[in-house]
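Engineer: Dropping in input06.txt, which is compact mmCIF, C-alpha atoms and all ligand atoms:
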# COMPACT_ATOMS: atom_id res chain seq x y z
CA MET A 1 -81.82 72.42 22.46
CA SER A 2 -80.39 72.65 18.97
CA LYS A 3 -76.81 71.56 19.69
CA PRO A 4 -76.61 70.53 23.32
CA SER A 5 -73.15 70.29 24.86
CA LYS A 6 -72.17 67.85 27.57
CA LYS A 7 -72.07 70.77 30.00
CA ASP A 8 -75.69 71.70 29.14
CA VAL A 9 -76.94 68.14 29.54
CA LEU A 10 -75.03 67.63 32.77
CA SER A 11 -76.42 70.80 34.25
CA LEU A 12 -79.99 69.63 33.48
CA LEU A 13 -79.32 66.19 34.95
CA ASN A 14 -78.03 67.90 38.10
CA ALA A 15 -81.10 70.17 38.41
CA LYS A 16 -82.47 70.70 41.91
CA CYS A 17 -85.93 71.44 43.32
CA ASP A 18 -87.73 74.20 41.35
CA ASP A 19 -85.47 73.67 38.35
CA ILE A 20 -86.73 70.08 38.15
CA ILE A 21 -90.31 71.37 37.86
CA HIS A 22 -89.22 73.70 35.03
CA LEU A 23 -87.36 70.83 33.38
CA MET A 24 -90.49 68.66 33.45
CA ALA A 25 -92.59 71.48 31.98
CA ALA A 26 -90.02 72.07 29.21
CA ALA A 27 -89.94 68.35 28.39
CA ASN A 28 -93.74 68.22 28.30
CA SER A 29 -93.84 71.05 25.78
CA LYS A 30 -91.75 68.88 23.41
CA ARG A 31 -94.25 66.04 23.15
CA CYS A 32 -96.41 65.72 20.03
CA GLY A 33 -100.02 66.13 21.12
CA LYS A 34 -101.66 64.32 23.99
CA THR A 35 -101.15 60.74 22.86
CA ILE A 36 -99.37 58.06 24.88
CA THR A 37 -98.66 55.00 22.78
CA TYR A 38 -98.18 51.29 23.41
CA SER A 39 -97.78 48.19 21.28
CA LYS A 40 -99.89 45.06 21.81
CA ASN A 41 -97.33 42.30 21.59
CA VAL A 42 -96.34 38.74 22.26
CA PHE A 43 -92.96 38.13 23.90
CA LEU A 44 -90.92 35.28 22.39
CA PRO A 45 -87.77 34.41 24.37
CA LEU A 46 -86.26 31.89 21.92
CA THR A 47 -83.54 30.84 24.39
CA ASN A 48 -82.34 32.12 27.75
CA ILE A 49 -78.79 30.92 27.16
CA CYS A 50 -76.40 33.89 26.75
CA ARG A 51 -72.66 34.34 26.39
CA ASN A 52 -72.71 37.37 28.72
CA GLU A 53 -73.12 37.43 32.50
CA CYS A 54 -74.40 40.87 33.45
CA GLY A 55 -74.50 41.64 37.16
CA TYR A 56 -78.16 42.70 37.01
CA CYS A 57 -79.52 39.89 34.80
CA THR A 58 -82.55 37.80 35.74
CA PHE A 59 -83.09 36.33 32.26
CA LYS A 60 -80.02 34.21 31.54
CA LYS A 61 -79.96 30.59 32.72
CA ASP A 62 -77.14 28.09 32.88
CA VAL A 63 -77.53 25.24 30.35
CA ASN A 64 -77.73 22.75 33.21
CA ASP A 65 -80.48 24.68 35.00
CA PRO A 66 -83.71 22.66 34.84
CA ASN A 67 -85.54 25.94 34.08
CA ALA A 68 -83.32 26.77 31.09
CA THR A 69 -84.95 27.06 27.67
CA ILE A 70 -82.28 25.72 25.32
CA LEU A 71 -84.42 26.57 22.29
CA MET A 72 -88.12 27.22 21.76
CA GLU A 73 -89.33 24.82 19.08
CA PRO A 74 -91.01 26.27 15.96
CA HIS A 75 -94.33 24.66 16.92
CA ASP A 76 -94.34 26.41 20.34
CA VAL A 77 -93.28 29.75 18.89
CA MET A 78 -95.98 29.65 16.24
CA LYS A 79 -98.61 28.49 18.74
CA ASN A 80 -97.96 31.65 20.81
CA ILE A 81 -97.94 33.87 17.74
CA THR A 82 -101.18 32.40 16.41
CA LEU A 83 -102.83 32.91 19.80
CA ALA A 84 -101.53 36.51 19.87
CA ASP A 85 -103.03 37.01 16.42
CA LYS A 86 -106.42 35.96 17.81
CA TYR A 87 -106.01 38.53 20.62
CA GLY A 88 -105.34 41.24 18.05
CA CYS A 89 -101.61 41.72 18.85
CA ARG A 90 -99.54 43.36 16.08
CA GLU A 91 -95.98 42.86 17.39
CA ALA A 92 -94.01 39.61 17.64
CA LEU A 93 -91.12 40.53 19.93
CA PHE A 94 -88.27 38.05 19.41
CA THR A 95 -85.54 38.15 21.98
CA PHE A 96 -82.83 35.81 23.26
CA GLY A 97 -79.44 35.71 24.93
CA GLU A 98 -76.61 37.20 22.92
CA HIS A 99 -74.64 34.81 20.66
CA ALA A 100 -76.49 31.93 22.31
CA ASP A 101 -75.45 29.59 19.52
CA GLU A 102 -71.85 29.73 20.76
CA ASP A 103 -73.14 27.19 23.26
CA SER A 104 -72.96 23.61 21.94
CA SER A 105 -76.43 22.60 23.27
CA VAL A 106 -78.11 25.56 21.56
CA LYS A 107 -76.15 24.98 18.37
CA ALA A 108 -77.12 21.28 18.31
CA ALA A 109 -80.80 22.16 18.83
CA ILE A 110 -80.68 24.66 15.95
CA GLU A 111 -78.93 22.19 13.66
CA ARG A 112 -81.47 19.50 14.51
CA LEU A 113 -84.09 21.84 13.05
CA GLY A 114 -82.04 22.20 9.87
CA PHE A 115 -80.67 25.72 10.42
CA GLY A 116 -77.02 26.78 10.37
CA ASN A 117 -77.24 29.29 13.21
CA MET A 118 -79.57 31.28 15.44
CA LEU A 119 -80.09 34.10 12.95
CA GLU A 120 -81.21 31.71 10.20
CA TYR A 121 -83.73 30.25 12.64
CA LEU A 122 -84.89 33.73 13.64
CA HIS A 123 -85.28 34.74 9.97
CA PHE A 124 -87.41 31.64 9.38
CA LEU A 125 -89.67 32.41 12.37
CA CYS A 126 -90.07 36.04 11.30
CA SER A 127 -91.03 34.90 7.77
CA GLU A 128 -93.55 32.42 9.15
CA THR A 129 -95.03 35.18 11.34
CA LEU A 130 -95.49 37.38 8.27
CA ASN A 131 -96.87 34.50 6.16
CA GLN A 132 -99.32 33.13 8.71
CA THR A 133 -100.49 36.06 10.86
CA ASP A 134 -101.08 39.82 10.98
CA LEU A 135 -98.20 40.34 13.43
CA LEU A 136 -95.06 42.25 12.52
CA PRO A 137 -91.69 41.01 13.82
CA HIS A 138 -89.45 43.19 16.00
CA SER A 139 -86.20 41.39 16.89
CA ASN A 140 -83.60 42.10 19.60
CA PRO A 141 -80.78 39.68 18.78
CA GLY A 142 -77.88 41.52 20.52
CA ILE A 143 -74.84 42.89 18.72
CA LEU A 144 -74.79 42.05 15.02
CA LYS A 145 -72.62 42.55 11.94
CA LYS A 146 -73.89 44.79 9.15
CA SER A 147 -74.58 41.79 6.89
CA GLU A 148 -76.63 40.15 9.66
CA LEU A 149 -78.70 43.30 10.17
CA LYS A 150 -79.34 43.47 6.43
CA PHE A 151 -80.49 39.83 6.38
CA LEU A 152 -82.96 40.45 9.22
CA LYS A 153 -84.25 43.76 7.85
CA GLU A 154 -86.08 41.77 5.12
CA VAL A 155 -88.44 40.26 7.69
CA ASN A 156 -88.50 42.80 10.56
CA ALA A 157 -90.61 45.94 10.80
CA SER A 158 -88.08 47.34 13.27
CA MET A 159 -85.24 46.06 15.41
CA GLY A 160 -83.69 46.96 18.74
CA LEU A 161 -80.59 46.96 20.90
CA MET A 162 -80.25 48.70 24.25
CA LEU A 163 -77.11 50.84 24.24
CA GLU A 164 -77.42 50.71 28.06
CA THR A 165 -74.41 53.00 28.58
CA THR A 166 -71.36 54.35 26.80
CA SER A 167 -69.27 53.81 29.92
CA SER A 168 -66.28 51.51 29.18
CA ARG A 169 -65.43 51.85 32.87
CA LEU A 170 -68.34 49.52 33.69
CA MET A 171 -66.55 46.72 31.77
CA LYS A 172 -64.36 46.44 34.89
CA THR A 173 -67.24 46.43 37.39
CA ILE A 174 -69.77 43.86 38.57
CA ALA A 175 -72.25 45.10 35.97
CA HIS A 176 -70.30 44.15 32.84
CA GLU A 177 -66.98 42.50 33.79
CA LYS A 178 -68.19 39.11 32.46
CA SER A 179 -70.05 40.49 29.44
CA PRO A 180 -67.91 40.92 26.32
CA GLY A 181 -71.01 41.95 24.35
CA LYS A 182 -71.52 44.99 26.55
CA LYS A 183 -68.46 46.81 25.20
CA PRO A 184 -70.01 50.17 24.31
CA GLU A 185 -68.12 50.43 21.02
CA LEU A 186 -69.64 47.14 19.77
CA ARG A 187 -73.15 48.31 20.64
CA ILE A 188 -72.62 51.73 19.07
CA LYS A 189 -71.33 50.01 15.92
CA THR A 190 -74.48 47.85 15.69
CA ILE A 191 -76.76 50.88 16.13
CA GLU A 192 -74.70 52.81 13.59
CA ASN A 193 -74.86 49.98 11.04
CA ALA A 194 -78.64 49.79 11.53
CA GLY A 195 -78.65 53.51 10.70
CA LYS A 196 -76.60 52.98 7.53
CA LEU A 197 -79.07 50.25 6.51
CA LYS A 198 -82.06 52.43 7.39
CA ILE A 199 -83.64 50.09 9.90
CA PRO A 200 -86.22 51.69 12.24
CA PHE A 201 -84.51 51.17 15.57
CA THR A 202 -85.27 51.07 19.28
CA THR A 203 -82.51 51.64 21.79
CA GLY A 204 -82.31 52.75 25.38
CA LEU A 205 -80.33 53.31 28.54
CA LEU A 206 -80.18 51.28 31.71
CA ILE A 207 -80.07 53.60 34.68
CA GLY A 208 -78.49 52.71 38.01
CA ILE A 209 -75.91 50.05 37.05
CA GLY A 210 -73.00 52.06 38.42
CA GLU A 211 -72.77 54.80 35.78
CA THR A 212 -72.13 58.41 36.81
CA VAL A 213 -74.39 61.31 35.91
CA GLU A 214 -71.69 62.49 33.50
CA GLU A 215 -71.74 59.08 31.80
CA ARG A 216 -75.53 59.33 31.46
CA ALA A 217 -75.06 62.66 29.68
CA GLU A 218 -72.43 61.10 27.38
CA SER A 219 -74.73 58.17 26.57
CA LEU A 220 -77.61 60.48 25.62
CA LEU A 221 -75.32 62.59 23.46
CA GLU A 222 -73.98 59.49 21.68
CA ILE A 223 -77.52 58.45 20.71
CA ARG A 224 -78.25 62.05 19.62
CA LYS A 225 -75.17 61.95 17.39
CA LEU A 226 -76.32 58.69 15.76
CA GLN A 227 -79.84 60.04 15.30
CA ASN A 228 -78.54 63.28 13.72
CA ARG A 229 -76.52 61.24 11.26
CA TYR A 230 -79.02 58.51 10.32
CA GLY A 231 -82.50 59.45 11.61
CA HIS A 232 -83.39 55.81 12.30
CA ILE A 233 -84.01 55.89 16.06
CA GLN A 234 -87.72 55.55 16.74
CA GLU A 235 -87.73 55.24 20.51
CA ILE A 236 -85.47 55.39 23.54
CA ILE A 237 -86.28 53.25 26.56
CA ILE A 238 -85.25 54.70 29.89
CA GLN A 239 -85.09 51.60 32.06
CA ASN A 240 -84.38 51.63 35.77
CA PHE A 241 -82.18 48.95 37.36
CA LYS A 242 -84.13 46.88 39.89
CA PRO A 243 -82.23 44.81 42.47
CA LYS A 244 -83.58 41.28 42.80
CA PRO A 245 -82.64 38.45 45.17
CA GLY A 246 -80.03 36.09 43.74
CA ILE A 247 -78.48 38.39 41.14
CA PRO A 248 -74.85 39.53 41.61
CA MET A 249 -76.07 43.13 42.14
CA GLU A 250 -78.85 42.21 44.58
CA ASN A 251 -77.51 44.62 47.22
CA TYR A 252 -77.12 47.60 44.89
CA ARG A 253 -79.62 50.41 45.17
CA GLU A 254 -81.96 51.32 42.37
CA PRO A 255 -81.93 54.85 40.95
CA SER A 256 -84.03 57.33 42.91
CA LEU A 257 -87.34 58.63 41.61
CA VAL A 258 -85.77 62.07 41.14
CA GLU A 259 -82.88 60.68 39.09
CA MET A 260 -85.37 58.87 36.87
CA ILE A 261 -87.62 61.92 36.46
CA LYS A 262 -84.62 63.98 35.34
CA MET A 263 -83.46 61.27 32.91
CA MET A 264 -86.92 61.02 31.39
CA ALA A 265 -87.27 64.80 31.03
CA VAL A 266 -83.79 65.41 29.63
CA THR A 267 -84.24 62.56 27.13
CA LYS A 268 -87.48 64.12 25.81
CA LEU A 269 -85.84 67.56 25.63
CA LEU A 270 -82.96 66.14 23.61
CA PHE A 271 -85.19 63.91 21.49
CA PRO A 272 -88.43 65.66 20.54
CA ASP A 273 -88.28 63.58 17.33
CA VAL A 274 -88.18 60.21 19.11
CA GLY A 275 -90.56 58.31 21.44
CA VAL A 276 -89.41 58.14 25.05
CA GLN A 277 -90.49 54.93 26.68
CA VAL A 278 -91.05 54.13 30.33
CA PRO A 279 -91.55 50.40 31.05
CA PRO A 280 -94.78 50.47 33.13
CA ASN A 281 -94.24 47.03 34.64
CA LEU A 282 -91.01 48.24 36.31
CA ASN A 283 -92.66 51.46 37.46
CA ARG A 284 -96.07 50.36 38.58
CA TYR A 285 -96.63 53.30 40.95
CA THR A 286 -94.49 55.94 39.25
CA THR A 287 -95.48 55.70 35.59
CA SER A 288 -97.76 58.76 35.95
CA ILE A 289 -94.94 61.00 37.12
CA PHE A 290 -92.74 59.86 34.22
CA LEU A 291 -95.52 60.67 31.77
CA MET A 292 -95.62 64.13 33.36
CA ALA A 293 -91.86 64.33 32.78
CA GLY A 294 -92.08 63.81 29.01
CA ALA A 295 -92.32 60.03 28.50
CA ASP A 296 -94.80 59.31 25.73
CA ASP A 297 -94.67 55.58 25.16
CA LEU A 298 -95.41 52.57 27.37
CA GLY A 299 -93.74 49.96 25.18
CA GLY A 300 -95.03 46.47 24.59
CA VAL A 301 -98.03 45.30 26.55
CA SER A 302 -98.90 41.63 26.19
CA PRO A 303 -102.29 40.11 26.84
CA ILE A 304 -100.81 36.59 26.78
CA THR A 305 -97.14 36.44 27.82
CA GLN A 306 -95.17 37.73 30.80
CA ASP A 307 -92.04 39.92 30.68
CA TYR A 308 -89.48 37.10 30.71
CA VAL A 309 -86.63 39.59 31.19
CA ASN A 310 -88.30 40.92 34.37
CA PRO A 311 -90.40 37.96 35.52
CA ASP A 312 -91.21 39.52 38.91
CA ALA A 313 -92.85 42.52 37.28
CA PRO A 314 -96.18 41.65 35.63
CA TRP A 315 -97.52 44.02 33.00
CA PRO A 316 -100.42 46.21 34.04
CA ASP A 317 -103.48 45.48 31.94
CA LEU A 318 -104.79 47.91 29.35
CA ASP A 319 -107.57 49.22 31.59
CA GLU A 320 -105.00 50.18 34.22
CA LEU A 321 -102.83 51.95 31.62
CA LYS A 322 -105.88 53.71 30.22
CA GLY A 323 -106.75 54.90 33.73
CA ILE A 324 -103.20 56.23 34.31
CA THR A 325 -103.06 58.12 31.01
CA GLU A 326 -106.60 59.53 31.07
CA GLU A 327 -106.22 60.75 34.65
CA LEU A 328 -103.47 63.05 33.29
CA GLY A 329 -105.54 64.20 30.30
CA PHE A 330 -103.68 62.02 27.79
CA GLU A 331 -105.11 59.48 25.37
CA LEU A 332 -103.83 55.94 25.19
CA ALA A 333 -103.34 54.75 21.59
CA GLU A 334 -102.04 51.54 20.10
CA ARG A 335 -99.12 51.75 17.66
CA LEU A 336 -97.33 49.23 15.48
CA PRO A 337 -93.79 48.05 16.33
CA VAL A 338 -92.64 50.47 13.64
CA TYR A 339 -93.37 54.14 14.41
CA PRO A 340 -95.77 56.10 12.15
CA LYS A 341 -93.08 58.39 10.68
CA PHE A 342 -91.52 55.40 8.89
CA LEU A 343 -94.85 54.54 7.27
CA SER A 344 -94.95 57.77 5.28
CA GLU A 345 -94.55 57.68 1.52
CA ASP A 346 -91.22 59.51 1.83
CA LEU A 347 -89.59 57.14 4.27
CA SER A 348 -91.26 53.74 3.97
CA GLU A 349 -89.51 52.74 0.77
CA GLU A 350 -86.08 53.27 2.28
CA PHE A 351 -86.82 52.06 5.79
CA LEU A 352 -89.06 49.05 5.20
CA SER A 353 -88.49 45.96 3.10
CA GLU A 354 -90.95 45.05 0.37
CA LYS A 355 -92.27 42.17 2.44
CA ILE A 356 -93.05 44.44 5.40
CA ARG A 357 -94.58 47.15 3.18
CA GLU A 358 -96.85 44.55 1.60
CA LYS A 359 -97.91 43.30 5.02
CA ILE A 360 -98.76 46.82 6.26
CA ASP A 361 -100.40 47.50 2.90
CA LEU A 362 -98.31 50.55 2.00
S1 LIG A 401 -76.89 40.24 27.73
FE1 LIG A 401 -78.98 40.25 28.52
S2 LIG A 401 -79.50 38.08 28.77
FE2 LIG A 401 -77.31 38.20 28.58
S3 LIG A 401 -76.54 38.26 30.66
FE3 LIG A 401 -76.74 40.39 29.98
S4 LIG A 401 -78.76 41.05 30.60
FE4 LIG A 401 -78.70 38.80 30.72
Represent the structure from my file as structure tokens, please.

Structural biologist:
Amino acid sequence: MSKPSKKDVLSLLNAKCDDIIHLMAAANSKRCGKTITYSKNVFLPLTNICRNECGYCTFKKDVNDPNATILMEPHDVMKNITLADKYGCREALFTFGEHADEDSSVKAAIERLGFGNMLEYLHFLCSETLNQTDLLPHSNPGILKKSELKFLKEVNASMGLMLETTSSRLMKTIAHEKSPGKKPELRIKTIENAGKLKIPFTTGLLIGIGETVEERAESLLEIRKLQNRYGHIQEIIIQNFKPKPGIPMENYREPSLVEMIKMMAVTKLLFPDVGVQVPPNLNRYTTSIFLMAGADDLGGVSPITQDYVNPDAPWPDLDELKGITEELGFELAERLPVYPKFLSEDLSEEFLSEKIREKIDL
């Protein structure tokens, strides 16, 4: 699809029966070879305090909750990273609630360590990771200003922010009514600024949070527009909403298997130049069908930490993923948190800082 219109994308997302089989075959023809990739990582949730309150969230905790992590101390972070190094992991995935340092307890904990804000602390931890281990940082700090992205580019191999959806309508629904950071224009701006700064970038869509099929088409086209302009998107995660007891959306239904197959296939058709990721821990019994629909990446797989964002969904181990991929005739291959195209002579100078290039030995 050279210049897909909204009508084209919508018609594919509304495909029925035999047309879905054709759609899957067309998406499969767009993949590069027979390789399905994953990244061996360690998950570092620096705090689970967040200024937003998304209706589907299972990560955020109230500051008074005895299970809240106000701030992971440097010693604990580095202990996990050093252990991950011993296990041969190459990605240090830093994540935390958005603008967590707006909370006075988080701010006090950061200041006690001698940092002015969360991003200074994150920069320090990323630098330590690069200085002490073979891991490469990949940070997901929420919406950021251009200057903040530039600051973090120095010590990150790649960065990420889920677009989730371009639907402003959801800002008035249970999904996002208490989440100022989920305004689509703010998220688009962050992804666009990452493009201007040439930061290899991961984004994605959250499917089943109340968006219409038309809004899914608009979201995909928005990412396509950004990728056409800046070429910095390395992967798109297609994540399915999962209802869980205790969350505000616990009684909402998750997207159907057919909806997810179509999303996966249409994403690959629109983005032959980008990895399409299915999170295997959220799709334990359906990952195979998504690989047949064009998905070609399984994201981060950790031998030592759980998925703190989806604690009820343990990661399958590597043998299980190998079994799933080889059964379909694919090969499972490890990748770095930055995709191979950005390691080329042409692109690495622009897209990777000197510190990261030195670490990868480019
Ligand atoms: S932004 Fe993320 S951590 Fe914060 S409430 Fe929403 S889903 Fe939870």

Engineer: As a quick test: using all atoms listed in the file, which residues lie no more than 12 Å away from ligand LIG 401 (chain A)? Give them as a short mmCIF file (atom, residue, chain, number, x, y, z; two decimals) with C-alpha atoms, in the frame of the given file.

Structural biologist:
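File written: selection.cif
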data_model
loop_
_atom_site.label_atom_id
_atom_site.label_comp_id
_atom_site.auth_asym_id
_atom_site.auth_seq_id
_atom_site.Cartn_x
_atom_site.Cartn_y
_atom_site.Cartn_z
CA PRO A 45 -87.77 34.41 24.37
CA LEU A 46 -86.26 31.89 21.92
CA THR A 47 -83.54 30.84 24.39
CA ASN A 48 -82.34 32.12 27.75
CA ILE A 49 -78.79 30.92 27.16
CA CYS A 50 -76.40 33.89 26.75
CA ARG A 51 -72.66 34.34 26.39
CA ASN A 52 -72.71 37.37 28.72
CA GLU A 53 -73.12 37.43 32.50
CA CYS A 54 -74.40 40.87 33.45
CA GLY A 55 -74.50 41.64 37.16
CA TYR A 56 -78.16 42.70 37.01
CA CYS A 57 -79.52 39.89 34.80
CA THR A 58 -82.55 37.80 35.74
CA PHE A 59 -83.09 36.33 32.26
CA LYS A 60 -80.02 34.21 31.54
CA LYS A 61 -79.96 30.59 32.72
CA ASP A 62 -77.14 28.09 32.88
CA THR A 95 -85.54 38.15 21.98
CA PHE A 96 -82.83 35.81 23.26
CA GLY A 97 -79.44 35.71 24.93
CA GLU A 98 -76.61 37.20 22.92
CA HIS A 99 -74.64 34.81 20.66
CA ALA A 100 -76.49 31.93 22.31
CA ASN A 140 -83.60 42.10 19.60
CA PRO A 141 -80.78 39.68 18.78
CA GLY A 142 -77.88 41.52 20.52
CA ILE A 143 -74.84 42.89 18.72
CA LEU A 161 -80.59 46.96 20.90
CA MET A 162 -80.25 48.70 24.25
CA LEU A 163 -77.11 50.84 24.24
CA GLU A 164 -77.42 50.71 28.06
CA ILE A 174 -69.77 43.86 38.57
CA ALA A 175 -72.25 45.10 35.97
CA HIS A 176 -70.30 44.15 32.84
CA GLU A 177 -66.98 42.50 33.79
CA LYS A 178 -68.19 39.11 32.46
CA SER A 179 -70.05 40.49 29.44
CA PRO A 180 -67.91 40.92 26.32
CA GLY A 181 -71.01 41.95 24.35
CA LYS A 182 -71.52 44.99 26.55
CA LYS A 183 -68.46 46.81 25.20
CA ARG A 187 -73.15 48.31 20.64
CA LEU A 206 -80.18 51.28 31.71
CA ILE A 209 -75.91 50.05 37.05
CA PHE A 241 -82.18 48.95 37.36
CA ILE A 247 -78.48 38.39 41.14
CA PRO A 248 -74.85 39.53 41.61
CA TYR A 308 -89.48 37.10 30.71
CA VAL A 309 -86.63 39.59 31.19
CA ASN A 310 -88.30 40.92 34.37
#

Engineer: What are the closest atom pairs, with distances in Å to one decimal, for all residues of range 170-236 of chain A lying within 9 Å of range 257-269 of chain A? Consider all atoms listed in the file, order rows by chain and residue number, and present the result as a Markdown table.

Structural biologist:
| residue | atom | partner | partner_atom | distance |
| --- | --- | --- | --- | --- |
| A:Ile207 | CA | A:Met260 | CA | 7.8 |
| A:Arg216 | CA | A:Met263 | CA | 8.3 |
| A:Leu220 | CA | A:Thr267 | CA | 7.1 |
| A:Ile236 | CA | A:Thr267 | CA | 8.1 |

Engineer: Would you tabulate, counting all atoms listed in the file, all residues of range 83-202 of chain A that have an atom at most 6 Å from an atom of range 319-341 of chain A, showing the closest pair of atoms and their distance in Å to one decimal, sorted by chain then ascending number, as a Markdown table?

Structural biologist:
| residue | atom | partner | partner_atom | distance |
| --- | --- | --- | --- | --- |
| A:Glu91 | CA | A:Pro337 | CA | 5.7 |
| A:Ala157 | CA | A:Val338 | CA | 5.7 |
| A:Ser158 | CA | A:Val338 | CA | 5.5 |

Engineer: Grab the CA of Lys79 in chain A to CA of Met118 in chain A distance for me, in Å with one decimal place.

Structural biologist: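 Result for CA of Lys79 in chain A versus CA of Met118 in chain A: 19.5 Å, one decimal.
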
Engineer: In Å to one decimal, how far is CA of Lys146 in chain A from CA of Asn193 in chain A?

Structural biologist: 5.6 Å

Engineer: When you draw a straight line from CA of Val276 in chain A to CA of Gln227 in chain A, how long is it in Å?

Structural biologist: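 These two atoms are separated by 13.8 Å.
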
Engineer: Which one is closest to Ser5 in chain A: A:Leu221, A:Ile21, A:Leu347, A:Leu352? Count only C-alpha atoms.

Structural biologist: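 Closest residue, counting only C-alpha atoms: A:Leu221.
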